[in-house]
$ cat work22.txt   # compact mmCIF, C-alpha atoms and all ligand atoms
# COMPACT_ATOMS: atom_id res chain seq x y z
CA MET A 1 0.44 20.99 -35.83
CA ASN A 2 1.24 18.48 -33.13
CA SER A 3 4.99 18.58 -33.58
CA PRO A 4 6.90 19.87 -30.55
CA ALA A 5 8.45 22.53 -32.78
CA ALA A 6 5.00 24.18 -33.17
CA VAL A 7 5.20 25.61 -29.63
CA PRO A 8 7.82 28.22 -28.75
CA ALA A 9 10.12 27.25 -25.91
CA ILE A 10 8.84 27.69 -22.36
CA THR A 11 10.85 30.52 -20.83
CA ALA A 12 12.65 29.60 -17.63
CA ARG A 13 13.80 32.73 -15.80
CA PRO A 14 16.70 32.95 -13.37
CA ASP A 15 14.58 34.63 -10.68
CA ARG A 16 11.64 32.32 -10.86
CA GLN A 17 9.26 34.03 -8.48
CA ARG A 18 9.61 37.49 -10.01
CA LYS A 19 6.65 38.07 -12.28
CA PRO A 20 7.34 39.01 -15.89
CA ASP A 21 5.75 42.15 -17.34
CA TRP A 22 2.95 40.25 -19.04
CA ILE A 23 1.61 39.09 -15.64
CA ARG A 24 1.45 42.47 -13.91
CA VAL A 25 -2.06 43.82 -13.31
CA LYS A 26 -3.37 47.07 -11.86
CA ALA A 27 -4.56 47.29 -8.24
CA PRO A 28 -8.36 47.19 -8.00
CA THR A 29 -9.74 50.67 -7.35
CA SER A 30 -12.86 51.15 -9.49
CA LYS A 31 -16.36 52.04 -8.23
CA GLY A 32 -17.72 48.78 -9.70
CA TYR A 33 -15.08 46.82 -7.79
CA GLY A 34 -16.16 48.47 -4.52
CA GLU A 35 -19.85 47.78 -5.21
CA THR A 36 -19.24 44.11 -6.00
CA ARG A 37 -17.17 43.76 -2.84
CA LYS A 38 -19.84 45.37 -0.68
CA LEU A 39 -22.60 43.18 -2.10
CA MET A 40 -20.61 40.01 -1.37
CA ARG A 41 -19.98 41.19 2.19
CA ASP A 42 -23.62 42.19 2.75
CA LEU A 43 -24.83 38.76 1.61
CA GLY A 44 -22.11 36.92 3.55
CA LEU A 45 -20.81 35.24 0.37
CA ASN A 46 -17.27 34.03 -0.23
CA THR A 47 -15.62 34.38 -3.62
CA VAL A 48 -12.82 32.41 -5.17
CA CYS A 49 -11.65 35.71 -6.65
CA GLU A 50 -10.52 36.80 -3.17
CA GLU A 51 -9.70 33.43 -1.64
CA ALA A 52 -7.47 32.43 -4.55
CA ALA A 53 -5.93 35.93 -4.74
CA CYS A 54 -6.87 36.04 -8.41
CA PRO A 55 -4.89 38.61 -10.44
CA ASN A 56 -7.97 39.47 -12.52
CA ILE A 57 -10.10 40.69 -9.63
CA GLY A 58 -9.86 44.38 -10.59
CA GLU A 59 -11.04 43.76 -14.14
CA CYS A 60 -13.72 41.17 -13.29
CA TRP A 61 -15.28 42.95 -10.33
CA THR A 62 -15.38 46.25 -12.19
CA LYS A 63 -17.64 44.42 -14.65
CA LYS A 64 -19.58 42.87 -11.70
CA HIS A 65 -18.33 39.38 -12.55
CA ALA A 66 -17.58 37.52 -9.33
CA THR A 67 -17.23 33.77 -8.88
CA VAL A 68 -19.08 32.73 -5.76
CA MET A 69 -17.49 30.03 -3.61
CA ILE A 70 -20.16 28.08 -1.74
CA LEU A 71 -19.92 25.70 1.24
CA GLY A 72 -17.68 27.98 3.29
CA ASP A 73 -14.11 29.22 3.02
CA VAL A 74 -12.35 26.23 4.62
CA CYS A 75 -11.35 23.25 2.45
CA THR A 76 -10.76 19.65 3.51
CA ARG A 77 -7.86 19.25 1.04
CA ALA A 78 -4.43 20.88 0.98
CA CYS A 79 -3.41 21.24 -2.67
CA ALA A 80 0.06 22.69 -3.15
CA PHE A 81 -1.11 25.40 -5.57
CA CYS A 82 -4.22 26.67 -3.79
CA ASN A 83 -4.56 29.59 -1.40
CA VAL A 84 -7.82 28.48 0.24
CA LYS A 85 -7.54 27.61 3.97
CA THR A 86 -7.40 23.93 4.95
CA GLY A 87 -9.12 22.59 8.06
CA MET A 88 -12.43 21.44 9.47
CA PRO A 89 -15.18 23.40 7.69
CA ARG A 90 -18.17 24.95 9.46
CA VAL A 91 -21.78 23.81 9.10
CA VAL A 92 -23.43 24.41 5.75
CA ASP A 93 -25.24 27.77 5.50
CA ARG A 94 -28.88 27.06 4.64
CA ASP A 95 -29.44 30.60 3.41
CA GLU A 96 -26.58 30.46 0.96
CA PRO A 97 -28.59 29.35 -2.11
CA GLU A 98 -30.98 32.30 -1.74
CA HIS A 99 -28.10 34.69 -1.13
CA VAL A 100 -26.35 33.50 -4.29
CA ALA A 101 -29.56 34.07 -6.25
CA GLN A 102 -29.93 37.56 -4.73
CA ALA A 103 -26.35 38.36 -5.74
CA ALA A 104 -27.00 37.24 -9.33
CA ALA A 105 -30.13 39.40 -9.46
CA SER A 106 -28.44 42.47 -7.92
CA LEU A 107 -25.43 42.19 -10.23
CA GLY A 108 -27.69 41.62 -13.25
CA LEU A 109 -25.66 38.59 -14.30
CA GLU A 110 -26.32 36.95 -17.66
CA HIS A 111 -23.94 34.15 -16.69
CA ILE A 112 -22.82 33.08 -13.22
CA VAL A 113 -19.99 30.79 -12.12
CA ILE A 114 -20.38 28.91 -8.84
CA THR A 115 -17.57 26.94 -7.28
CA SER A 116 -16.90 25.45 -3.83
CA VAL A 117 -14.27 24.20 -1.47
CA ASP A 118 -13.86 20.42 -1.16
CA ARG A 119 -16.17 19.05 1.50
CA ASP A 120 -14.96 15.49 2.07
CA ASP A 121 -16.60 15.75 5.52
CA LEU A 122 -20.13 15.82 4.07
CA PRO A 123 -21.92 12.57 3.11
CA ASP A 124 -22.73 13.95 -0.35
CA GLY A 125 -19.50 15.96 -0.71
CA GLY A 126 -21.60 19.12 -0.95
CA ALA A 127 -23.48 18.09 -4.11
CA GLY A 128 -26.85 18.89 -2.49
CA GLN A 129 -25.83 22.50 -1.94
CA PHE A 130 -24.89 22.87 -5.62
CA VAL A 131 -28.36 21.54 -6.50
CA LYS A 132 -30.05 24.03 -4.14
CA VAL A 133 -28.04 26.93 -5.57
CA ILE A 134 -28.96 25.96 -9.16
CA GLU A 135 -32.63 25.68 -8.17
CA ALA A 136 -32.60 29.06 -6.41
CA LEU A 137 -30.98 30.69 -9.44
CA ARG A 138 -33.52 29.15 -11.84
CA ARG A 139 -36.36 30.50 -9.67
CA THR A 140 -34.96 34.00 -9.13
CA THR A 141 -33.04 34.77 -12.34
CA PRO A 142 -34.30 32.29 -14.95
CA GLY A 143 -32.46 34.12 -17.73
CA THR A 144 -29.05 33.63 -16.10
CA THR A 145 -26.97 30.81 -17.55
CA ILE A 146 -25.25 28.72 -14.88
CA GLU A 147 -21.73 27.36 -14.83
CA ILE A 148 -20.58 25.22 -11.94
CA LEU A 149 -16.99 24.36 -11.07
CA THR A 150 -17.07 21.41 -8.70
CA PRO A 151 -14.62 19.36 -6.65
CA ASP A 152 -14.02 15.71 -7.58
CA PHE A 153 -16.47 14.33 -4.96
CA ARG A 154 -13.97 11.63 -3.98
CA ASN A 155 -15.62 8.25 -3.26
CA LYS A 156 -19.10 9.67 -3.97
CA MET A 157 -18.70 10.91 -7.51
CA ARG A 158 -21.51 9.02 -9.24
CA PRO A 159 -24.44 10.07 -6.99
CA ALA A 160 -23.05 13.61 -6.78
CA VAL A 161 -22.81 13.97 -10.56
CA GLU A 162 -26.23 12.41 -11.07
CA ALA A 163 -27.86 14.87 -8.66
CA ILE A 164 -26.14 17.94 -10.08
CA VAL A 165 -26.69 17.00 -13.72
CA ALA A 166 -30.39 16.47 -12.98
CA ALA A 167 -30.55 20.08 -11.72
CA GLY A 168 -29.47 21.17 -15.22
CA PRO A 169 -26.50 23.57 -15.13
CA ASP A 170 -25.51 24.94 -18.54
CA VAL A 171 -21.78 24.26 -18.04
CA TYR A 172 -20.15 21.67 -15.80
CA ASN A 173 -16.52 22.52 -15.09
CA HIS A 174 -14.04 20.44 -13.17
CA ASN A 175 -10.36 21.28 -13.44
CA LEU A 176 -7.67 18.67 -13.98
CA GLU A 177 -5.24 21.40 -12.80
CA THR A 178 -2.01 19.76 -14.01
CA VAL A 179 -0.50 16.78 -15.82
CA PRO A 180 -0.82 13.34 -14.18
CA ARG A 181 2.90 13.06 -13.31
CA LEU A 182 2.64 16.06 -10.99
CA TYR A 183 -0.45 14.93 -9.08
CA PRO A 184 1.41 13.41 -6.10
CA THR A 185 3.06 16.76 -5.31
CA ILE A 186 0.58 19.33 -6.65
CA ARG A 187 -2.82 17.70 -6.13
CA PRO A 188 -2.08 14.88 -3.68
CA GLY A 189 -5.66 14.25 -2.53
CA ALA A 190 -6.97 13.72 -6.06
CA ARG A 191 -6.64 11.18 -8.88
CA TYR A 192 -6.20 12.31 -12.48
CA TYR A 193 -8.31 9.55 -14.02
CA ALA A 194 -11.07 9.98 -11.44
CA SER A 195 -11.36 13.63 -12.49
CA LEU A 196 -11.50 12.67 -16.16
CA ARG A 197 -14.15 10.07 -15.39
CA LEU A 198 -16.25 12.66 -13.58
CA LEU A 199 -16.44 14.79 -16.72
CA GLU A 200 -17.18 11.72 -18.84
CA GLU A 201 -20.05 10.87 -16.49
CA VAL A 202 -21.55 14.33 -16.93
CA LYS A 203 -21.66 13.84 -20.72
CA ARG A 204 -23.00 10.30 -20.34
CA HIS A 205 -25.90 11.55 -18.24
CA ASP A 206 -26.71 14.62 -20.31
CA PRO A 207 -24.77 15.38 -23.49
CA ARG A 208 -26.48 18.80 -23.76
CA ILE A 209 -24.46 20.10 -20.80
CA PHE A 210 -21.20 21.70 -21.89
CA THR A 211 -18.16 20.29 -20.10
CA LYS A 212 -15.12 22.35 -19.31
CA SER A 213 -11.75 21.74 -17.68
CA GLY A 214 -8.51 23.59 -17.14
CA ILE A 215 -4.85 23.23 -16.36
CA MET A 216 -2.26 25.60 -14.99
CA LEU A 217 1.07 25.87 -16.79
CA GLY A 218 4.39 26.66 -15.16
CA LEU A 219 4.40 23.87 -12.57
CA GLY A 220 7.14 21.88 -14.30
CA GLU A 221 5.02 20.07 -16.87
CA GLU A 222 6.55 19.06 -20.22
CA ARG A 223 5.08 20.19 -23.51
CA LEU A 224 4.17 16.67 -24.66
CA GLU A 225 2.50 15.99 -21.31
CA VAL A 226 0.24 18.99 -21.97
CA HIS A 227 -0.60 17.57 -25.40
CA GLN A 228 -1.45 14.24 -23.77
CA VAL A 229 -3.81 15.97 -21.31
CA MET A 230 -5.54 17.60 -24.28
CA ASP A 231 -5.96 14.19 -25.94
CA ASP A 232 -7.29 12.68 -22.70
CA MET A 233 -9.79 15.53 -22.42
CA ARG A 234 -10.96 15.06 -26.00
CA CYS A 235 -11.41 11.32 -25.32
CA ALA A 236 -13.69 12.35 -22.44
CA ASP A 237 -15.55 14.66 -24.90
CA ILE A 238 -14.71 17.81 -22.96
CA ASP A 239 -15.89 20.89 -24.85
CA PHE A 240 -13.86 23.71 -23.38
CA LEU A 241 -10.21 23.86 -22.28
CA THR A 242 -8.69 26.69 -20.24
CA MET A 243 -4.95 27.13 -19.74
CA GLY A 244 -3.38 29.82 -17.57
CA GLN A 245 -0.10 30.58 -15.81
CA TYR A 246 0.29 29.17 -12.29
CA LEU A 247 1.21 31.88 -9.78
CA GLN A 248 2.54 31.06 -6.34
CA PRO A 249 0.05 32.54 -3.85
CA THR A 250 2.46 32.50 -0.87
CA PRO A 251 6.02 31.23 -0.26
CA ARG A 252 4.48 28.12 1.39
CA HIS A 253 2.96 27.01 -1.89
CA ALA A 254 4.53 25.20 -4.85
CA LYS A 255 7.10 27.35 -6.65
CA VAL A 256 6.61 28.58 -10.18
CA GLN A 257 8.94 26.50 -12.37
CA ASP A 258 8.44 28.48 -15.58
CA PHE A 259 6.74 31.63 -16.71
CA VAL A 260 5.23 30.51 -19.98
CA THR A 261 5.36 33.23 -22.64
CA PRO A 262 2.16 34.63 -24.20
CA GLU A 263 3.39 33.24 -27.54
CA ALA A 264 3.69 29.73 -26.09
CA PHE A 265 0.17 30.04 -24.64
CA GLY A 266 -1.02 31.07 -28.10
CA ALA A 267 0.64 28.03 -29.68
CA PHE A 268 -0.82 25.66 -27.06
CA GLY A 269 -4.23 27.22 -27.78
CA ALA A 270 -3.84 26.61 -31.52
CA ILE A 271 -2.96 22.96 -30.88
CA ALA A 272 -5.99 22.56 -28.60
CA ARG A 273 -8.30 24.03 -31.24
CA ALA A 274 -6.84 21.66 -33.83
CA LYS A 275 -7.62 18.77 -31.50
CA GLY A 276 -11.31 19.65 -31.68
CA PHE A 277 -12.31 21.57 -28.53
CA LEU A 278 -15.36 23.76 -29.14
CA GLN A 279 -13.77 26.55 -27.12
CA VAL A 280 -10.24 27.24 -25.89
CA ALA A 281 -8.93 30.00 -23.62
CA SER A 282 -5.16 30.07 -23.33
CA SER A 283 -3.19 33.04 -22.02
CA PRO A 284 -1.08 33.83 -18.94
CA LEU A 285 -4.04 35.38 -17.09
CA THR A 286 -6.65 32.84 -18.15
CA ARG A 287 -8.53 31.40 -15.19
CA SER A 288 -11.53 29.03 -15.20
CA SER A 289 -14.00 31.83 -14.78
CA TYR A 290 -12.20 34.62 -16.64
CA HIS A 291 -14.53 35.97 -19.37
CA ALA A 292 -16.71 32.92 -18.68
CA GLY A 293 -19.92 34.52 -19.99
CA ASP A 294 -18.44 35.63 -23.33
CA ASP A 295 -16.74 32.26 -23.75
CA PHE A 296 -19.97 30.42 -22.95
CA ARG A 297 -21.82 32.30 -25.68
CA ALA A 298 -19.00 31.63 -28.18
CA MET A 299 -19.04 27.93 -27.26
CA ARG A 300 -22.82 27.72 -27.70
CA THR A 301 -22.52 29.30 -31.15
CA ALA A 302 -19.68 26.93 -32.05
CA ARG A 303 -21.84 23.95 -31.13
CA GLU A 304 -24.81 25.25 -33.15
CA GLU A 305 -22.57 25.74 -36.17
CA LYS A 306 -21.06 22.27 -35.77
CA LEU A 307 -24.50 20.68 -35.54
CA ALA A 308 -25.69 22.65 -38.58
CA ARG A 309 -22.67 21.44 -40.57
CA ALA A 310 -23.31 17.85 -39.48
CA GLY A 311 -26.96 18.12 -40.57
CA ALA A 312 -26.20 19.84 -43.88
S1 LIG A 401 -10.90 35.33 -13.27
FE1 LIG A 401 -12.51 34.27 -12.09
S2 LIG A 401 -11.64 34.04 -10.03
FE2 LIG A 401 -10.43 35.62 -11.08
S3 LIG A 401 -11.42 37.55 -10.50
FE3 LIG A 401 -12.31 36.90 -12.48
S4 LIG A 401 -14.16 35.79 -11.87
FE4 LIG A 401 -12.88 35.93 -10.04
$ encode --input "work22.txt" --output "structure tokens" --more "lines below"
Ligand code: SF4
Amino acid sequence: MNSPAAVPAITARPDRQRKPDWIRVKAPTSKGYGETRKLMRDLGLNTVCEEAACPNIGECWTKKHATVMILGDVCTRACAFCNVKTGMPRVVDRDEPEHVAQAAASLGLEHIVITSVDRDDLPDGGAGQFVKVIEALRRTTPGTTIEILTPDFRNKMRPAVEAIVAAGPDVYNHNLETVPRLYPTIRPGARYYASLRLLEEVKRHDPRIFTKSGIMLGLGEERLEVHQVMDDMRCADIDFLTMGQYLQPTPRHAKVQDFVTPEAFGAFGAIARAKGFLQVASSPLTRSSYHAGDDFRAMRTAREEKLARAGA
């Protein structure tokens, strides 16, 4: 299963920035899309769906699935793949936790994904705001399961993780984004092993919390480097791996090196499952929060079945 021959060749195309047919998505026009958009505007909430120019926005917002981006829309990092603005962020909005909870209630969400910009300017990196959002959600919509997708909390990781884990999210996601060799160009402000350690810390503090991480393919990574990332993630006991195609948000961002075929994504997914992840999502349009609720329920069932087998 692990042999390189198990994965079809990555397809390099002559015109690298032209999207292949399997990436094209319809423009968002539905009534549900408009309602989700209005609610986010009314509550003054940012979403990563818009800020990252996510190709799935039409589908997700039609189903009222939006990923809220807390702590403003200005990031203190400048990653080469990310469309979010870089600069000096504004003061933290104290009403944001209640507004997030109102949004979850209005949208009737069974599962919510909360992410944020990096806030290296804040003494706690923004961890306190994640805690307040989780608390507000537990008060207002106690039946909603909570998934958080956090930054790496550079130089303040341990206290940040401790505080957030104590607030009890159901899923803790932190993306590795790419293979370690590409960090200096793609994710220059971050360290691969620091990100892995963050996810290990979550499990060390509370093994009941599901951990999740993702990488983008098409940035120039080699197949065996992807396999190595999978092995590193399993060593850190990460439960859920997502893999999706990197898309260049603007000409200023890192170029797409390869459009990985759906078949190759399928083969990478099969390898990941064989390596023992509880849940794997691997397709060109996979994003961290794409189908997050359905995948959470499948992962929970997979864990219950695994525990039942272990106890049998
Ligand atoms: S995949 Fe995630 S970021 Fe993209 S539109 Fe759906 S919820 Fe938003």
$ closest_residue --input "work22.txt" --among "A:Gly128, A:Gly266, A:Gly44, A:Pro55" --to "ligand LIG 401 (chain A)" --atoms "all atoms listed in the file"
A:Pro55
$ closest_atom_pairs --input "work22.txt" --of "chain A" --to "ligand LIG 401 (chain A)" --cutoff "8 Å" --atoms "all atoms listed in the file" --output "Markdown table"
| residue | atom | partner | partner_atom | distance |
| --- | --- | --- | --- | --- |
| A:Thr47 | CA | A:LIG401 | FE4 | 7.2 |
| A:Val48 | CA | A:LIG401 | S2 | 5.3 |
| A:Cys49 | CA | A:LIG401 | FE4 | 3.6 |
| A:Glu50 | CA | A:LIG401 | FE4 | 7.3 |
| A:Ala52 | CA | A:LIG401 | S2 | 7.1 |
| A:Ala53 | CA | A:LIG401 | FE2 | 7.8 |
| A:Cys54 | CA | A:LIG401 | FE2 | 4.5 |
| A:Pro55 | CA | A:LIG401 | FE2 | 6.3 |
| A:Asn56 | CA | A:LIG401 | S3 | 4.4 |
| A:Ile57 | CA | A:LIG401 | S3 | 3.5 |
| A:Gly58 | CA | A:LIG401 | S3 | 7.0 |
| A:Glu59 | CA | A:LIG401 | FE3 | 7.2 |
| A:Cys60 | CA | A:LIG401 | FE3 | 4.6 |
| A:Trp61 | CA | A:LIG401 | S3 | 6.6 |
| A:His65 | CA | A:LIG401 | S4 | 5.5 |
| A:Ala66 | CA | A:LIG401 | S4 | 4.6 |
| A:Thr67 | CA | A:LIG401 | S4 | 4.7 |
| A:Val113 | CA | A:LIG401 | S4 | 7.7 |
| A:Leu285 | CA | A:LIG401 | S1 | 7.9 |
| A:Thr286 | CA | A:LIG401 | S1 | 6.9 |
| A:Arg287 | CA | A:LIG401 | S1 | 5.0 |
| A:Ser288 | CA | A:LIG401 | FE1 | 6.2 |
| A:Ser289 | CA | A:LIG401 | FE1 | 3.9 |
| A:Tyr290 | CA | A:LIG401 | S1 | 3.7 |
| A:His291 | CA | A:LIG401 | S1 | 7.1 |
| A:Ala292 | CA | A:LIG401 | S4 | 7.8 |
$ residues_around --input "work22.txt" --residues "Thr250 (chain A)" --least-positions-apart "5" --cutoff "12 Å" --atoms "all atoms listed in the file" --output "list in words"
Gln17, Ala52, Ala53, Ala80, Phe81, Cys82, Asn83, Val84, Lys255 and Val256 of chain A
$ atom_distance --input "work22.txt" --atom1 "CA of Pro159 (chain A)" --atom2 "CA of Leu45 (chain A)"
26.5 Å
$ atom_distance --input "work22.txt" --atom1 "CA of Thr242 (chain A)" --atom2 "CA of Ala127 (chain A)"
23.5 Å
$ atom_distance --input "work22.txt" --atom1 "CA of Leu278 (chain A)" --atom2 "CA of Pro151 (chain A)"
22.9 Å
$ residues_around --input "work22.txt" --residues "Ser213 (chain A)" --least-positions-apart "6" --cutoff "8 Å" --atoms "all atoms listed in the file" --output "number ranges by chain"
A: 173-176, 238, 240-242, 288
$ residues_around --input "work22.txt" --residues "Arg90 (chain A)" --least-positions-apart "4" --cutoff "9 Å" --atoms "only C-alpha atoms" --output "PyMOL selection string"
chain A and resi 71-74
$ residues_around --input "work22.txt" --residues "Val179 (chain A)" --least-positions-apart "5" --cutoff "12 Å" --atoms "all atoms listed in the file" --output "JSON list (two decimals) with C-alpha atoms, in the frame of the given file"
[["chain", "number", "residue", "atom", "x", "y", "z"],
["A", 184, "PRO", "CA", 1.41, 13.41, -6.10],
["A", 185, "THR", "CA", 3.06, 16.76, -5.31],
["A", 186, "ILE", "CA", 0.58, 19.33, -6.65],
["A", 187, "ARG", "CA", -2.82, 17.70, -6.13],
["A", 191, "ARG", "CA", -6.64, 11.18, -8.88],
["A", 192, "TYR", "CA", -6.20, 12.31, -12.48],
["A", 193, "TYR", "CA", -8.31, 9.55, -14.02],
["A", 195, "SER", "CA", -11.36, 13.63, -12.49],
["A", 196, "LEU", "CA", -11.50, 12.67, -16.16],
["A", 214, "GLY", "CA", -8.51, 23.59, -17.14],
["A", 215, "ILE", "CA", -4.85, 23.23, -16.36],
["A", 216, "MET", "CA", -2.26, 25.60, -14.99],
["A", 217, "LEU", "CA", 1.07, 25.87, -16.79],
["A", 218, "GLY", "CA", 4.39, 26.66, -15.16],
["A", 219, "LEU", "CA", 4.40, 23.87, -12.57],
["A", 220, "GLY", "CA", 7.14, 21.88, -14.30],
["A", 221, "GLU", "CA", 5.02, 20.07, -16.87],
["A", 222, "GLU", "CA", 6.55, 19.06, -20.22],
["A", 223, "ARG", "CA", 5.08, 20.19, -23.51],
["A", 224, "LEU", "CA", 4.17, 16.67, -24.66],
["A", 225, "GLU", "CA", 2.50, 15.99, -21.31],
["A", 226, "VAL", "CA", 0.24, 18.99, -21.97],
["A", 227, "HIS", "CA", -0.60, 17.57, -25.40],
["A", 228, "GLN", "CA", -1.45, 14.24, -23.77],
["A", 229, "VAL", "CA", -3.81, 15.97, -21.31],
["A", 230, "MET", "CA", -5.54, 17.60, -24.28],
["A", 231, "ASP", "CA", -5.96, 14.19, -25.94],
["A", 232, "ASP", "CA", -7.29, 12.68, -22.70],
["A", 233, "MET", "CA", -9.79, 15.53, -22.42],
["A", 243, "MET", "CA", -4.95, 27.13, -19.74]]
$ closest_residue --input "work22.txt" --among "A:Tyr33, A:Phe259, A:Phe265, A:Phe153" --to "Arg197 (chain A)" --atoms "all atoms listed in the file"
A:Phe153
$ residues_near_point --input "work22.txt" --point "(-25.9, 20.6, -20.8)" --cutoff "12 Å" --atoms "all atoms listed in the file" --output "PyMOL selection string"
chain A and resi 145-148+164-173+199+202-212+238-239+296+299-300+303
$ residues_around --input "work22.txt" --residues "Asp124 (chain A)" --least-positions-apart "6" --cutoff "10 Å" --atoms "all atoms listed in the file" --output "PyMOL selection string"
chain A and resi 153-157+159-160+163
$ closest_residue --input "work22.txt" --among "A:Arg77, A:Ile134, A:Ala104, A:Pro284" --to "Asp21 (chain A)" --atoms "only C-alpha atoms"
A:Pro284
$ closest_residue --input "work22.txt" --among "A:Ala267, A:Arg139, A:Asp152, A:Asp237" --to "Gly189 (chain A)" --atoms "all atoms listed in the file"
A:Asp152
$ build_atoms --input "work22.txt" --residues "region 294-308 of chain A" --atoms "N, CA and C atoms" --output "PDB file, in the frame of the given file"
ATOM      1  N   ASP A 294     -18.729  35.451 -21.890  1.00  0.00           N
ATOM      2  CA  ASP A 294     -18.440  35.630 -23.330  1.00  0.00           C
ATOM      3  C   ASP A 294     -18.037  34.290 -23.938  1.00  0.00           C
ATOM      4  N   ASP A 295     -17.197  33.547 -23.214  1.00  0.00           N
ATOM      5  CA  ASP A 295     -16.740  32.260 -23.750  1.00  0.00           C
ATOM      6  C   ASP A 295     -17.880  31.257 -23.838  1.00  0.00           C
ATOM      7  N   PHE A 296     -18.819  31.333 -22.888  1.00  0.00           N
ATOM      8  CA  PHE A 296     -19.970  30.420 -22.950  1.00  0.00           C
ATOM      9  C   PHE A 296     -20.778  30.687 -24.219  1.00  0.00           C
ATOM     10  N   ARG A 297     -21.017  31.968 -24.494  1.00  0.00           N
ATOM     11  CA  ARG A 297     -21.820  32.300 -25.680  1.00  0.00           C
ATOM     12  C   ARG A 297     -21.088  31.860 -26.963  1.00  0.00           C
ATOM     13  N   ALA A 298     -19.775  32.051 -26.991  1.00  0.00           N
ATOM     14  CA  ALA A 298     -19.000  31.630 -28.180  1.00  0.00           C
ATOM     15  C   ALA A 298     -19.063  30.102 -28.335  1.00  0.00           C
ATOM     16  N   MET A 299     -19.002  29.401 -27.201  1.00  0.00           N
ATOM     17  CA  MET A 299     -19.040  27.930 -27.260  1.00  0.00           C
ATOM     18  C   MET A 299     -20.408  27.438 -27.748  1.00  0.00           C
ATOM     19  N   ARG A 300     -21.468  28.113 -27.285  1.00  0.00           N
ATOM     20  CA  ARG A 300     -22.820  27.720 -27.700  1.00  0.00           C
ATOM     21  C   ARG A 300     -22.971  27.912 -29.215  1.00  0.00           C
ATOM     22  N   THR A 301     -22.458  29.041 -29.703  1.00  0.00           N
ATOM     23  CA  THR A 301     -22.520  29.300 -31.150  1.00  0.00           C
ATOM     24  C   THR A 301     -21.713  28.262 -31.914  1.00  0.00           C
ATOM     25  N   ALA A 302     -20.532  27.923 -31.373  1.00  0.00           N
ATOM     26  CA  ALA A 302     -19.680  26.930 -32.050  1.00  0.00           C
ATOM     27  C   ALA A 302     -20.394  25.582 -32.139  1.00  0.00           C
ATOM     28  N   ARG A 303     -21.120  25.232 -31.088  1.00  0.00           N
ATOM     29  CA  ARG A 303     -21.840  23.950 -31.130  1.00  0.00           C
ATOM     30  C   ARG A 303     -22.970  24.004 -32.165  1.00  0.00           C
ATOM     31  N   GLU A 304     -23.705  25.125 -32.183  1.00  0.00           N
ATOM     32  CA  GLU A 304     -24.810  25.250 -33.150  1.00  0.00           C
ATOM     33  C   GLU A 304     -24.281  25.133 -34.578  1.00  0.00           C
ATOM     34  N   GLU A 305     -23.133  25.786 -34.817  1.00  0.00           N
ATOM     35  CA  GLU A 305     -22.570  25.740 -36.170  1.00  0.00           C
ATOM     36  C   GLU A 305     -22.105  24.320 -36.523  1.00  0.00           C
ATOM     37  N   LYS A 306     -21.532  23.647 -35.529  1.00  0.00           N
ATOM     38  CA  LYS A 306     -21.060  22.270 -35.770  1.00  0.00           C
ATOM     39  C   LYS A 306     -22.244  21.348 -36.083  1.00  0.00           C
ATOM     40  N   LEU A 307     -23.327  21.513 -35.303  1.00  0.00           N
ATOM     41  CA  LEU A 307     -24.500  20.680 -35.540  1.00  0.00           C
ATOM     42  C   LEU A 307     -25.118  20.980 -36.901  1.00  0.00           C
ATOM     43  N   ALA A 308     -25.119  22.277 -37.271  1.00  0.00           N
ATOM     44  CA  ALA A 308     -25.690  22.650 -38.580  1.00  0.00           C
ATOM     45  C   ALA A 308     -24.863  22.033 -39.708  1.00  0.00           C
TER      46      ALA A 308
END
